[in-house]
Every structure is written in C-alpha cells, then in structure tokens.
$ cat model23.csv   # CSV, C-alpha atoms
chain,number,residue,atom,x,y,z
A,1,MET,CA,0.0,0.0,0.0
A,2,LYS,CA,1.3,3.4,-0.9
A,3,LEU,CA,-0.7,6.6,-0.5
A,4,ARG,CA,0.4,10.1,-1.6
A,5,ILE,CA,-1.2,13.2,-0.2
A,6,LEU,CA,-2.5,15.4,-3.0
A,7,SER,CA,-4.1,18.2,-1.0
A,8,THR,CA,-5.1,19.1,2.5
A,9,GLY,CA,-8.2,21.3,2.9
A,10,PRO,CA,-8.3,24.4,5.3
A,11,GLY,CA,-8.4,23.3,8.9
A,12,LEU,CA,-7.3,19.7,8.3
A,13,LEU,CA,-5.2,18.0,10.9
A,14,ALA,CA,-4.1,14.6,9.7
A,15,THR,CA,-1.6,12.6,11.8
A,16,LEU,CA,-0.6,9.0,12.4
A,17,GLN,CA,-1.9,7.7,15.7
A,18,ASP,CA,-2.2,4.4,17.5
A,19,LEU,CA,-3.1,3.7,21.2
A,20,GLY,CA,-0.3,5.8,22.5
A,21,ARG,CA,2.8,5.2,24.6
A,22,PRO,CA,1.6,4.5,28.2
A,23,GLN,CA,5.0,3.0,29.1
A,24,ALA,CA,6.6,6.4,28.6
A,25,ARG,CA,4.3,8.4,31.0
A,26,GLY,CA,6.7,7.7,33.9
A,27,PHE,CA,9.2,9.8,32.0
A,28,GLY,CA,6.8,12.7,31.6
A,29,VAL,CA,5.9,11.8,28.0
A,30,PRO,CA,2.2,12.3,27.2
A,31,LEU,CA,0.2,9.3,26.2
A,32,SER,CA,-0.9,10.8,22.8
A,33,GLY,CA,-2.6,8.3,20.4
A,34,ALA,CA,-6.1,8.4,18.8
A,35,MET,CA,-8.5,10.9,20.3
A,36,ASP,CA,-11.4,8.5,19.6
A,37,THR,CA,-9.8,5.1,20.5
A,38,HIS,CA,-13.1,3.3,19.7
A,39,SER,CA,-13.2,4.3,16.0
A,40,HIS,CA,-9.4,3.8,15.7
A,41,ILE,CA,-9.9,0.2,17.0
A,42,LEU,CA,-12.9,-0.5,14.7
A,43,ALA,CA,-11.0,0.6,11.6
A,44,ASN,CA,-8.2,-1.8,12.5
A,45,LEU,CA,-10.6,-4.7,13.4
A,46,LEU,CA,-12.3,-4.4,10.0
A,47,LEU,CA,-9.0,-5.4,8.4
A,48,GLY,CA,-8.0,-8.0,10.9
A,49,ASN,CA,-5.3,-5.7,12.3
A,50,ALA,CA,-4.3,-5.6,15.9
A,51,PRO,CA,-6.0,-2.7,17.8
A,52,GLU,CA,-2.7,-1.0,18.4
A,53,MET,CA,-1.7,-0.7,14.8
A,54,ALA,CA,-1.3,2.8,13.4
A,55,THR,CA,-4.1,4.6,11.6
A,56,LEU,CA,-4.4,8.0,9.9
A,57,GLU,CA,-6.5,10.3,12.1
A,58,CYS,CA,-8.2,13.1,10.2
A,59,THR,CA,-10.1,16.1,11.7
A,60,GLY,CA,-11.2,19.5,10.7
A,61,GLY,CA,-10.9,19.5,6.9
A,62,LYS,CA,-10.8,17.6,3.6
A,63,LEU,CA,-8.0,15.2,2.6
A,64,ASP,CA,-7.3,14.1,-1.0
A,65,ALA,CA,-4.8,11.3,-1.8
A,66,ILE,CA,-3.8,9.1,-4.7
A,67,VAL,CA,-3.3,5.4,-4.3
A,68,GLU,CA,0.1,4.8,-5.9
A,69,LYS,CA,0.1,1.1,-4.8
A,70,GLY,CA,-3.2,-0.5,-4.1
A,71,GLY,CA,-4.4,-2.5,-1.1
A,72,HIS,CA,-7.2,-2.8,1.4
A,73,LEU,CA,-8.4,0.1,3.6
A,74,ALA,CA,-11.2,0.8,6.1
A,75,LEU,CA,-12.5,4.1,7.5
A,76,SER,CA,-14.3,4.5,10.8
A,77,GLY,CA,-15.4,7.5,12.9
A,78,ALA,CA,-18.2,9.9,12.8
A,79,GLY,CA,-16.0,12.9,11.7
A,80,GLY,CA,-15.4,11.8,8.1
A,81,ALA,CA,-16.8,10.1,5.1
A,82,LEU,CA,-14.8,8.2,2.5
A,83,PHE,CA,-15.1,8.7,-1.3
A,84,VAL,CA,-13.3,6.5,-3.8
A,85,ASP,CA,-13.0,8.1,-7.3
A,86,GLY,CA,-15.8,10.4,-6.3
A,87,ARG,CA,-18.1,7.5,-5.2
A,88,SER,CA,-19.3,7.5,-1.6
A,89,VAL,CA,-18.3,4.4,0.3
A,90,PRO,CA,-20.4,3.4,3.4
A,91,PRO,CA,-18.6,3.5,6.7
A,92,GLU,CA,-17.3,0.6,8.7
A,93,ARG,CA,-16.5,-1.8,5.9
A,94,THR,CA,-13.4,-2.9,4.1
A,95,ILE,CA,-12.6,-1.7,0.6
A,96,GLY,CA,-10.0,-2.8,-1.9
A,97,VAL,CA,-8.5,0.0,-4.0
A,98,PRO,CA,-6.4,-0.6,-7.2
A,99,ASP,CA,-3.4,1.5,-8.3
A,100,GLY,CA,-4.4,5.0,-9.3
A,101,THR,CA,-7.5,5.4,-7.2
A,102,LEU,CA,-8.4,8.8,-5.8
A,103,LEU,CA,-9.3,8.8,-2.2
A,104,THR,CA,-11.1,11.7,-0.4
A,105,ILE,CA,-12.0,11.9,3.2
A,106,GLN,CA,-14.7,14.6,3.6
A,107,PRO,CA,-15.5,16.1,7.0
A,108,MET,CA,-19.0,15.2,8.3
A,109,PRO,CA,-21.2,16.9,10.8
A,110,GLY,CA,-21.7,13.8,13.0
A,111,GLY,CA,-18.4,14.1,14.8
A,112,ASN,CA,-14.8,15.4,14.7
A,113,PHE,CA,-12.5,12.5,14.0
A,114,SER,CA,-12.2,9.7,11.4
A,115,TYR,CA,-9.6,6.9,11.1
A,116,LEU,CA,-8.1,5.4,7.9
A,117,ALA,CA,-6.6,2.0,8.5
A,118,ALA,CA,-4.5,-0.1,6.0
A,119,ALA,CA,-4.2,-3.9,6.0
A,120,GLY,CA,-1.3,-4.6,8.3
A,121,GLY,CA,-1.1,-1.0,9.5
A,122,TRP,CA,0.9,2.0,8.3
A,123,LYS,CA,4.7,1.9,8.4
A,124,PHE,CA,6.4,4.2,10.9
A,125,ALA,CA,9.5,4.7,12.9
A,126,PRO,CA,8.6,3.9,16.5
A,127,VAL,CA,9.2,6.4,19.3
A,128,PHE,CA,8.9,4.7,22.7
A,129,GLY,CA,7.4,1.8,20.8
A,130,SER,CA,4.5,3.9,19.3
A,131,ALA,CA,3.5,5.6,16.1
A,132,SER,CA,1.6,8.3,17.8
A,133,THR,CA,2.3,11.8,16.7
A,134,TYR,CA,2.9,14.3,19.6
A,135,LEU,CA,2.8,17.6,17.8
A,136,ALA,CA,4.0,19.8,20.7
A,137,GLY,CA,7.1,17.6,21.1
A,138,GLY,CA,7.6,17.1,17.3
A,139,VAL,CA,8.0,13.3,17.8
A,140,GLY,CA,6.3,10.2,16.4
A,141,GLY,CA,4.2,9.6,13.3
A,142,TYR,CA,5.3,11.3,10.1
A,143,GLU,CA,8.4,13.2,11.1
A,144,GLY,CA,6.7,14.4,14.2
A,145,ARG,CA,4.2,16.6,12.3
A,146,ALA,CA,0.9,16.7,10.6
A,147,LEU,CA,0.7,15.4,7.0
A,148,GLU,CA,1.2,17.8,4.1
A,149,LYS,CA,0.8,17.8,0.4
A,150,GLY,CA,3.3,15.4,-1.2
A,151,ASP,CA,3.8,13.2,1.8
A,152,VAL,CA,3.7,9.5,1.2
A,153,LEU,CA,2.4,6.8,3.5
A,154,HIS,CA,3.5,3.2,3.1
A,155,GLY,CA,1.6,0.1,4.3
A,156,ALA,CA,3.5,-2.2,6.6
A,157,LEU,CA,2.7,-5.2,4.5
A,158,GLU,CA,3.7,-6.0,0.9
A,159,LEU,CA,0.4,-7.3,-0.7
A,160,ASP,CA,-0.8,-7.5,-4.3
A,161,SER,CA,-3.0,-4.7,-5.5
A,162,PRO,CA,-6.6,-5.4,-6.3
A,163,SER,CA,-7.4,-5.3,-10.0
A,164,LYS,CA,-10.6,-3.2,-9.3
A,165,MET,CA,-12.4,-1.5,-6.5
A,166,GLU,CA,-13.9,-4.0,-4.0
A,167,VAL,CA,-16.4,-3.0,-1.3
A,168,ALA,CA,-17.2,-5.7,1.3
A,169,SER,CA,-20.9,-6.5,1.7
A,170,TRP,CA,-20.5,-7.0,5.5
A,171,PHE,CA,-19.9,-4.2,7.9
A,172,PHE,CA,-20.0,-3.2,11.6
A,173,ARG,CA,-23.4,-2.0,12.6
A,174,THR,CA,-22.7,1.0,14.8
A,175,ASP,CA,-24.4,4.3,15.7
A,176,GLY,CA,-21.1,6.3,15.5
A,177,HIS,CA,-22.3,8.3,12.4
A,178,SER,CA,-25.5,9.6,13.9
A,179,ALA,CA,-24.9,13.1,15.3
A,180,PRO,CA,-26.7,13.6,18.7
A,181,ARG,CA,-28.8,16.7,19.1
A,182,LEU,CA,-26.7,19.5,20.7
A,183,ASP,CA,-29.5,20.2,23.2
A,184,THR,CA,-29.8,16.5,24.3
A,185,PRO,CA,-27.2,15.9,26.9
A,186,LEU,CA,-24.7,13.1,26.3
A,187,ASP,CA,-24.5,10.9,29.4
A,188,ILE,CA,-20.9,10.7,30.6
A,189,SER,CA,-19.9,8.4,33.5
A,190,VAL,CA,-17.2,9.7,35.8
A,191,LEU,CA,-15.4,8.5,38.9
A,192,GLU,CA,-14.7,10.8,41.9
A,193,GLY,CA,-11.6,12.7,41.4
A,194,PRO,CA,-8.9,12.8,44.2
A,195,GLU,CA,-10.1,16.3,45.2
A,196,TRP,CA,-13.9,15.6,44.9
A,197,SER,CA,-14.4,16.1,48.6
A,198,TRP,CA,-12.9,19.6,48.5
A,199,TRP,CA,-16.2,20.9,47.1
A,200,PRO,CA,-19.3,21.3,49.3
A,201,VAL,CA,-22.1,18.9,48.7
A,202,ALA,CA,-24.2,21.6,47.0
A,203,GLN,CA,-21.5,22.2,44.4
A,204,GLN,CA,-21.0,18.4,43.9
A,205,GLN,CA,-24.7,18.1,43.2
A,206,ALA,CA,-24.6,21.0,40.8
A,207,PHE,CA,-21.7,19.3,38.9
A,208,LEU,CA,-23.8,16.2,38.5
A,209,ASN,CA,-27.3,17.6,38.0
A,210,ASN,CA,-26.7,20.6,35.7
A,211,ALA,CA,-25.7,20.0,32.1
A,212,ALA,CA,-22.4,21.4,30.9
A,213,ARG,CA,-21.7,22.5,27.3
A,214,VAL,CA,-18.6,21.7,25.2
A,215,SER,CA,-16.6,24.9,24.6
A,216,LYS,CA,-15.0,25.9,21.3
A,217,ASP,CA,-11.8,26.0,23.3
A,218,ARG,CA,-10.6,22.5,22.5
A,219,SER,CA,-7.5,20.7,21.3
A,220,ARG,CA,-5.8,17.3,21.4
A,221,GLN,CA,-4.7,18.3,24.9
A,222,ALA,CA,-8.0,19.3,26.5
A,223,VAL,CA,-11.7,20.0,25.9
A,224,ARG,CA,-13.1,22.8,28.0
A,225,ILE,CA,-16.7,22.8,29.3
A,226,GLU,CA,-18.9,25.8,29.9
A,227,GLY,CA,-21.7,26.3,32.5
A,228,ARG,CA,-19.7,25.3,35.5
A,229,ALA,CA,-19.4,28.7,37.3
A,230,ALA,CA,-20.8,27.0,40.4
A,231,LEU,CA,-17.5,25.2,40.7
A,232,GLY,CA,-15.5,28.4,41.3
A,233,HIS,CA,-13.1,28.0,44.2
A,234,ASN,CA,-10.3,29.6,46.0
A,235,PHE,CA,-8.4,26.4,46.9
A,236,ALA,CA,-4.7,26.8,47.0
A,237,GLU,CA,-3.1,25.2,43.9
A,238,LEU,CA,-1.8,21.7,44.4
A,239,HIS,CA,1.8,20.7,44.2
A,240,SER,CA,2.0,19.2,40.7
A,241,THR,CA,0.4,15.8,40.8
A,242,GLY,CA,-0.6,13.1,38.3
A,243,VAL,CA,-3.2,13.5,35.7
A,244,CYS,CA,-4.2,11.5,32.6
A,245,PRO,CA,-6.6,11.5,29.7
A,246,GLY,CA,-10.1,11.8,31.2
A,247,THR,CA,-9.1,13.9,34.2
A,248,ILE,CA,-11.4,16.9,34.8
A,249,GLN,CA,-9.3,19.8,36.2
A,250,VAL,CA,-10.9,22.9,37.7
A,251,PRO,CA,-8.8,26.1,37.5
A,252,PRO,CA,-9.9,28.8,40.0
A,253,ASP,CA,-10.9,31.4,37.4
A,254,ASP,CA,-11.4,29.5,34.1
A,255,ASP,CA,-13.7,26.8,32.6
A,256,PRO,CA,-13.0,23.2,33.7
A,257,ALA,CA,-10.9,21.1,31.3
A,258,ILE,CA,-11.4,17.5,30.4
A,259,LEU,CA,-7.9,16.2,29.5
A,260,MET,CA,-7.5,14.3,26.3
A,261,ALA,CA,-4.9,12.2,24.4
A,262,ASP,CA,-2.1,14.7,24.4
A,263,ALA,CA,-2.6,15.7,28.1
A,264,GLN,CA,0.4,16.5,30.2
A,265,THR,CA,1.3,13.9,32.8
A,266,THR,CA,1.1,16.2,35.9
A,267,GLY,CA,-0.9,19.3,36.8
A,268,GLY,CA,-1.6,21.7,39.7
A,269,PHE,CA,-5.3,22.2,39.5
A,270,PRO,CA,-7.9,20.3,41.6
A,271,ARG,CA,-9.2,17.1,39.9
A,272,ILE,CA,-13.0,17.0,40.5
A,273,ALA,CA,-13.7,13.8,38.5
A,274,GLN,CA,-12.3,11.3,36.0
A,275,VAL,CA,-14.2,10.4,32.8
A,276,ILE,CA,-14.3,6.6,32.5
A,277,ALA,CA,-12.3,5.1,29.7
A,278,VAL,CA,-15.2,3.8,27.6
A,279,ASP,CA,-16.9,7.3,27.6
A,280,LEU,CA,-13.8,9.4,26.7
A,281,PRO,CA,-14.3,8.8,22.9
A,282,LYS,CA,-17.7,10.4,23.3
A,283,ILE,CA,-16.0,13.6,24.4
A,284,ALA,CA,-13.6,13.5,21.4
A,285,GLN,CA,-16.5,13.3,18.9
A,286,ALA,CA,-18.8,15.7,20.7
A,287,LYS,CA,-19.4,18.9,18.7
A,288,THR,CA,-18.9,22.4,20.1
A,289,GLY,CA,-22.0,23.3,21.9
A,290,GLN,CA,-23.0,19.7,22.8
A,291,LEU,CA,-24.6,19.4,26.2
A,292,LEU,CA,-23.0,16.9,28.6
A,293,ARG,CA,-24.4,15.4,31.8
A,294,PHE,CA,-22.1,13.7,34.2
A,295,ARG,CA,-23.1,10.6,36.1
A,296,MET,CA,-21.1,9.4,39.1
A,297,VAL,CA,-20.2,5.7,39.1
A,298,ASP,CA,-18.0,3.6,41.4
A,299,LEU,CA,-14.8,1.8,40.4
A,300,ALA,CA,-16.7,-1.6,40.2
A,301,GLU,CA,-19.2,-0.2,37.7
A,302,ALA,CA,-16.5,1.5,35.6
A,303,SER,CA,-14.5,-1.7,35.6
A,304,GLN,CA,-17.5,-3.7,34.5
A,305,LYS,CA,-18.2,-1.3,31.7
A,306,LEU,CA,-14.6,-1.6,30.5
A,307,ILE,CA,-14.7,-5.4,30.7
A,308,GLU,CA,-18.0,-5.6,28.7
A,309,TYR,CA,-16.6,-3.2,26.1
A,310,GLU,CA,-13.4,-5.2,25.6
A,311,LEU,CA,-15.3,-8.4,25.4
A,312,GLY,CA,-17.4,-6.8,22.6
A,313,LEU,CA,-14.3,-5.8,20.7
A,314,GLU,CA,-13.0,-9.4,21.1
A,315,ARG,CA,-16.2,-10.8,19.6
A,316,LEU,CA,-15.9,-8.4,16.7
A,317,GLY,CA,-12.3,-9.4,16.1
A,318,THR,CA,-13.4,-13.1,16.2
A,319,ALA,CA,-16.2,-12.5,13.7
A,320,VAL,CA,-13.8,-10.8,11.3
A,321,ARG,CA,-11.3,-13.7,11.5
A,322,TYR,CA,-14.1,-16.2,10.8
A,323,ARG,CA,-15.3,-14.1,7.9
A,324,SER,CA,-11.8,-14.0,6.4
A,325,GLY,CA,-11.2,-17.7,7.1
A,326,SER,CA,-8.2,-17.1,9.3
A,327,ALA,CA,-9.7,-18.2,12.6

$ encode --input "model23.csv" --output "structure tokens"
Amino acid sequence: MKLRILSTGPGLLATLQDLGRPQARGFGVPLSGAMDTHSHILANLLLGNAPEMATLECTGGKLDAIVEKGGHLALSGAGGALFVDGRSVPPERTIGVPDGTLLTIQPMPGGNFSYLAAAGGWKFAPVFGSASTYLAGGVGGYEGRALEKGDVLHGALELDSPSKMEVASWFFRTDGHSAPRLDTPLDISVLEGPEWSWWPVAQQQAFLNNAARVSKDRSRQAVRIEGRAALGHNFAELHSTGVCPGTIQVPPDDDPAILMADAQTTGGFPRIAQVIAVDLPKIAQAKTGQLLRFRMVDLAEASQKLIEYELGLERLGTAVRYRSGSA
C-alpha cells in the first residue's frame, strides 16, 4: 500500500496515531494516540489488524490522496466520510483499491475525527514503541508533524494490488455516524476525582445535575466545558500531581478542562472527576455546543463497563477472523 497526499483542505489536521505510549508516561511523556480510540480500533478490526496498529487520524478538513500502490483500507469514525474516485463508500467496511485510485476523506457533521486503516497498518519509525504523533514535542508519526501535500504513507505489508475496487458487503453496525442533538445531553460516566471532597455537597450536586456545554476551546490536549461557574473555588493550587486523559481539572478562574490524548502527565489544579475510559471517545467526537451530563459511578461499575466493552471488541475481532477464514 502506498498513499500520496494530494491536498489538505483548510483546517485539516491529519496525523498518524495508535493507542499511545503508556509505558513512557513515567518519564513525563504524554500518552498521545487516537482521540477516539473506539473508532481507531474499529478501523483496525475491520481489516483483521491488531487494535494497536497505526491509523491515519483526520479532523477539521478535507483530505485528497492518490493510491500509488493498491491495497485494502477501512474508515471509521463519525467525523469523516470516504469517497473513492468520487463515489461515496459506506462507513465501517473494508474496501480494496487498485493503483491510481483517488481517495477523499470529507469532514462530516456527525463528529470530529475519522480513522483510515490499511491492512497490516501503516509503516512508521517507533518512538517509545509507538507511532503516535505528539505535535507539541515534534515526535512520532510522520516526522513528528501533521501530514502535508506530497507526503507518502506506506503500508507495513507488501500485498498484491486489487485489480478493481472492491467493497465488502458486510460491515460493523454502529451508531457512530448519527450526530446527537446538541440540546440533548450526552451521558458521561465519571469517577470521583482525588479532590472531589474539596467541594461542598451543593457544588458536587450542581456538577452532576446541571448540564455542561462543550466549549470551542478544545484541542488534542484538552476540551473545556462551559456552564460550571458554580465550581469556582479559592483552593490553593496543588503541588504538581498526576493527571491522565479523562481527568477533569478545575482552575480557580477558568472553565474546567477534560484532559484528552495529548494531556500533560502532571498538573496543579484540583481534579474533581475522571471520565471513565469507555466514555472518553464520546468527548472526542462531541461537537462544540454539545450538552453533557455527568453521572457518578464507582470503580466496580467502571471496571464492569470496560470489561464488557473489551469483550465486545474481542467478539468483533473473532467475527472478522471467521469471515476471512483465518480463525
């Protein structure tokens, strides 16, 4: 597989990502990786790839690319739609593309991120064992930066090119491409943060009972939420302490921030809550203005949700292997 970038539309951010580099966090290196890990994993599973293989994450604009060496691809994620030689291809299914095919990933209103996987993954030079692009540090991915016109991606496997376009009849049935109404709150499960008890009960209840709104102030590092003035505090700042993706920090005079994939490893603001792992992709795909409602769960429920989610992914992977005859 060989893919050459022809053009990048205004606002596009296209980077190579995987599931990040958790083993490097002890050295102060951010996790990075896919913002929507669920869609990243689905794109890989469609092709029989391991979940941790690199995908191309696209957000914010249009991408055009020419297939110089054909192969098999899959796109997942509510933020983009795939077009092959101008023909729309339904999401969550595998496609075979011959040499010379024009690929377009068009941004869609249902979300923010989409993920293009290649059979066997994309080739990359590992940094701490990961393909993830950390833009602030200029490491990982494609020379530590976003893709630009003329860049070439290579598949990790040498496979024969299909002679014509092939679109699989089977697909993953998901609801990832239906945009929620902005005024209908997304339910987000959270755990108590280490400083949860610092807030009086009335403020704790306001945090859980009153909907918050996703701010336009968002990045791969954090997504801010509006409508949380009741959380204002005059707590002394903490000594710098551990944070991770999903941590909700509350500065004394600014909107709370939900930390995301490129979050720092330590911070000095109180941590009121922690978004559970299976719900963090919802935050990544939530549009600006989307209402959120937080629901407190305990560690046992959060763990059960994660187990059920991972078992579901395992079943999908098994189904793909049986479909391909490799099980």

$ closest_residue --input "model23.csv" --among "A:Arg323, A:Arg295, A:Arg271, A:Arg145" --to "Ser240 (chain A)" --atoms "all atoms listed in the file"
A:Arg271

$ residues_around --input "model23.csv" --residues "region 113-120 of chain A" --least-positions-apart "6" --cutoff "7 Å" --atoms "only C-alpha atoms" --output "mmCIF file with C-alpha atoms, in the coordinates of the input"
data_model
loop_
_atom_site.group_PDB
_atom_site.id
_atom_site.type_symbol
_atom_site.label_atom_id
_atom_site.label_comp_id
_atom_site.auth_asym_id
_atom_site.auth_seq_id
_atom_site.Cartn_x
_atom_site.Cartn_y
_atom_site.Cartn_z
ATOM 1 C CA ASP A 36 -11.400 8.500 19.600
ATOM 2 C CA SER A 39 -13.200 4.300 16.000
ATOM 3 C CA HIS A 40 -9.400 3.800 15.700
ATOM 4 C CA ALA A 43 -11.000 0.600 11.600
ATOM 5 C CA ASN A 44 -8.200 -1.800 12.500
ATOM 6 C CA LEU A 47 -9.000 -5.400 8.400
ATOM 7 C CA ASN A 49 -5.300 -5.700 12.300
ATOM 8 C CA THR A 55 -4.100 4.600 11.600
ATOM 9 C CA LEU A 56 -4.400 8.000 9.900
ATOM 10 C CA GLU A 57 -6.500 10.300 12.100
ATOM 11 C CA CYS A 58 -8.200 13.100 10.200
ATOM 12 C CA THR A 59 -10.100 16.100 11.700
ATOM 13 C CA HIS A 72 -7.200 -2.800 1.400
ATOM 14 C CA LEU A 73 -8.400 0.100 3.600
ATOM 15 C CA ALA A 74 -11.200 0.800 6.100
ATOM 16 C CA LEU A 75 -12.500 4.100 7.500
ATOM 17 C CA SER A 76 -14.300 4.500 10.800
ATOM 18 C CA GLY A 77 -15.400 7.500 12.900
ATOM 19 C CA ALA A 78 -18.200 9.900 12.800
ATOM 20 C CA GLY A 79 -16.000 12.900 11.700
ATOM 21 C CA GLY A 80 -15.400 11.800 8.100
ATOM 22 C CA GLY A 155 1.600 0.100 4.300
ATOM 23 C CA ALA A 156 3.500 -2.200 6.600
ATOM 24 C CA LEU A 157 2.700 -5.200 4.500
ATOM 25 C CA GLN A 285 -16.500 13.300 18.900
#

$ atom_distance --input "model23.csv" --atom1 "CA of Lys2 (chain A)" --atom2 "CA of Asp262 (chain A)"
27.9 Å

$ atom_distance --input "model23.csv" --atom1 "CA of Ile272 (chain A)" --atom2 "CA of Gln304 (chain A)"
22.0 Å

$ residues_near_point --input "model23.csv" --point "(-17.0, 0.5, 38.8)" --cutoff "12 Å" --atoms "all atoms listed in the file" --output "PyMOL selection string"
chain A and resi 189-192+275-278+296-308

$ residues_around --input "model23.csv" --residues "Gln203 (chain A)" --least-positions-apart "6" --cutoff "10 Å" --atoms "only C-alpha atoms" --output "VMD selection string"
chain A and resid 209 228 to 232

$ build_atoms --input "model23.csv" --residues "region 294-313 of chain A" --atoms "N, CA and C atoms" --output "PDB file, in the coordinates of the input"
ATOM      1  N   PHE A 294     -22.983  14.620  33.576  1.00  0.00           N
ATOM      2  CA  PHE A 294     -22.100  13.700  34.200  1.00  0.00           C
ATOM      3  C   PHE A 294     -22.853  12.813  35.229  1.00  0.00           C
ATOM      4  N   ARG A 295     -22.525  11.528  35.231  1.00  0.00           N
ATOM      5  CA  ARG A 295     -23.100  10.600  36.100  1.00  0.00           C
ATOM      6  C   ARG A 295     -22.041   9.876  36.938  1.00  0.00           C
ATOM      7  N   MET A 296     -22.147   9.942  38.263  1.00  0.00           N
ATOM      8  CA  MET A 296     -21.100   9.400  39.100  1.00  0.00           C
ATOM      9  C   MET A 296     -21.278   7.843  39.186  1.00  0.00           C
ATOM     10  N   VAL A 297     -20.198   7.110  38.959  1.00  0.00           N
ATOM     11  CA  VAL A 297     -20.200   5.700  39.100  1.00  0.00           C
ATOM     12  C   VAL A 297     -19.035   5.302  40.048  1.00  0.00           C
ATOM     13  N   ASP A 298     -19.071   4.078  40.563  1.00  0.00           N
ATOM     14  CA  ASP A 298     -18.000   3.600  41.400  1.00  0.00           C
ATOM     15  C   ASP A 298     -16.979   2.826  40.550  1.00  0.00           C
ATOM     16  N   LEU A 299     -15.871   2.451  41.150  1.00  0.00           N
ATOM     17  CA  LEU A 299     -14.800   1.800  40.400  1.00  0.00           C
ATOM     18  C   LEU A 299     -15.314   0.410  39.891  1.00  0.00           C
ATOM     19  N   ALA A 300     -16.182  -0.265  40.658  1.00  0.00           N
ATOM     20  CA  ALA A 300     -16.700  -1.600  40.200  1.00  0.00           C
ATOM     21  C   ALA A 300     -17.508  -1.429  38.940  1.00  0.00           C
ATOM     22  N   GLU A 301     -18.388  -0.410  38.883  1.00  0.00           N
ATOM     23  CA  GLU A 301     -19.200  -0.200  37.700  1.00  0.00           C
ATOM     24  C   GLU A 301     -18.329   0.190  36.494  1.00  0.00           C
ATOM     25  N   ALA A 302     -17.364   1.080  36.725  1.00  0.00           N
ATOM     26  CA  ALA A 302     -16.500   1.500  35.600  1.00  0.00           C
ATOM     27  C   ALA A 302     -15.691   0.311  35.103  1.00  0.00           C
ATOM     28  N   SER A 303     -15.225  -0.548  36.012  1.00  0.00           N
ATOM     29  CA  SER A 303     -14.500  -1.700  35.600  1.00  0.00           C
ATOM     30  C   SER A 303     -15.359  -2.683  34.787  1.00  0.00           C
ATOM     31  N   GLN A 304     -16.601  -2.866  35.235  1.00  0.00           N
ATOM     32  CA  GLN A 304     -17.500  -3.700  34.500  1.00  0.00           C
ATOM     33  C   GLN A 304     -17.809  -3.227  33.127  1.00  0.00           C
ATOM     34  N   LYS A 305     -17.993  -1.914  32.993  1.00  0.00           N
ATOM     35  CA  LYS A 305     -18.200  -1.300  31.700  1.00  0.00           C
ATOM     36  C   LYS A 305     -17.039  -1.562  30.756  1.00  0.00           C
ATOM     37  N   LEU A 306     -15.832  -1.432  31.300  1.00  0.00           N
ATOM     38  CA  LEU A 306     -14.600  -1.600  30.500  1.00  0.00           C
ATOM     39  C   LEU A 306     -14.503  -3.102  30.075  1.00  0.00           C
ATOM     40  N   ILE A 307     -14.794  -4.014  30.987  1.00  0.00           N
ATOM     41  CA  ILE A 307     -14.700  -5.400  30.700  1.00  0.00           C
ATOM     42  C   ILE A 307     -15.731  -5.779  29.563  1.00  0.00           C
ATOM     43  N   GLU A 308     -16.966  -5.286  29.707  1.00  0.00           N
ATOM     44  CA  GLU A 308     -18.000  -5.600  28.700  1.00  0.00           C
ATOM     45  C   GLU A 308     -17.588  -4.982  27.337  1.00  0.00           C
ATOM     46  N   TYR A 309     -17.016  -3.786  27.361  1.00  0.00           N
ATOM     47  CA  TYR A 309     -16.600  -3.200  26.100  1.00  0.00           C
ATOM     48  C   TYR A 309     -15.478  -3.987  25.445  1.00  0.00           C
ATOM     49  N   GLU A 310     -14.489  -4.396  26.216  1.00  0.00           N
ATOM     50  CA  GLU A 310     -13.400  -5.200  25.600  1.00  0.00           C
ATOM     51  C   GLU A 310     -13.827  -6.528  25.155  1.00  0.00           C
ATOM     52  N   LEU A 311     -14.785  -7.146  25.844  1.00  0.00           N
ATOM     53  CA  LEU A 311     -15.300  -8.400  25.400  1.00  0.00           C
ATOM     54  C   LEU A 311     -16.076  -8.207  24.037  1.00  0.00           C
ATOM     55  N   GLY A 312     -16.784  -7.087  23.903  1.00  0.00           N
ATOM     56  CA  GLY A 312     -17.400  -6.800  22.600  1.00  0.00           C
ATOM     57  C   GLY A 312     -16.459  -6.641  21.503  1.00  0.00           C
ATOM     58  N   LEU A 313     -15.344  -5.965  21.758  1.00  0.00           N
ATOM     59  CA  LEU A 313     -14.300  -5.800  20.700  1.00  0.00           C
ATOM     60  C   LEU A 313     -13.726  -7.197  20.366  1.00  0.00           C
TER      61      LEU A 313
END
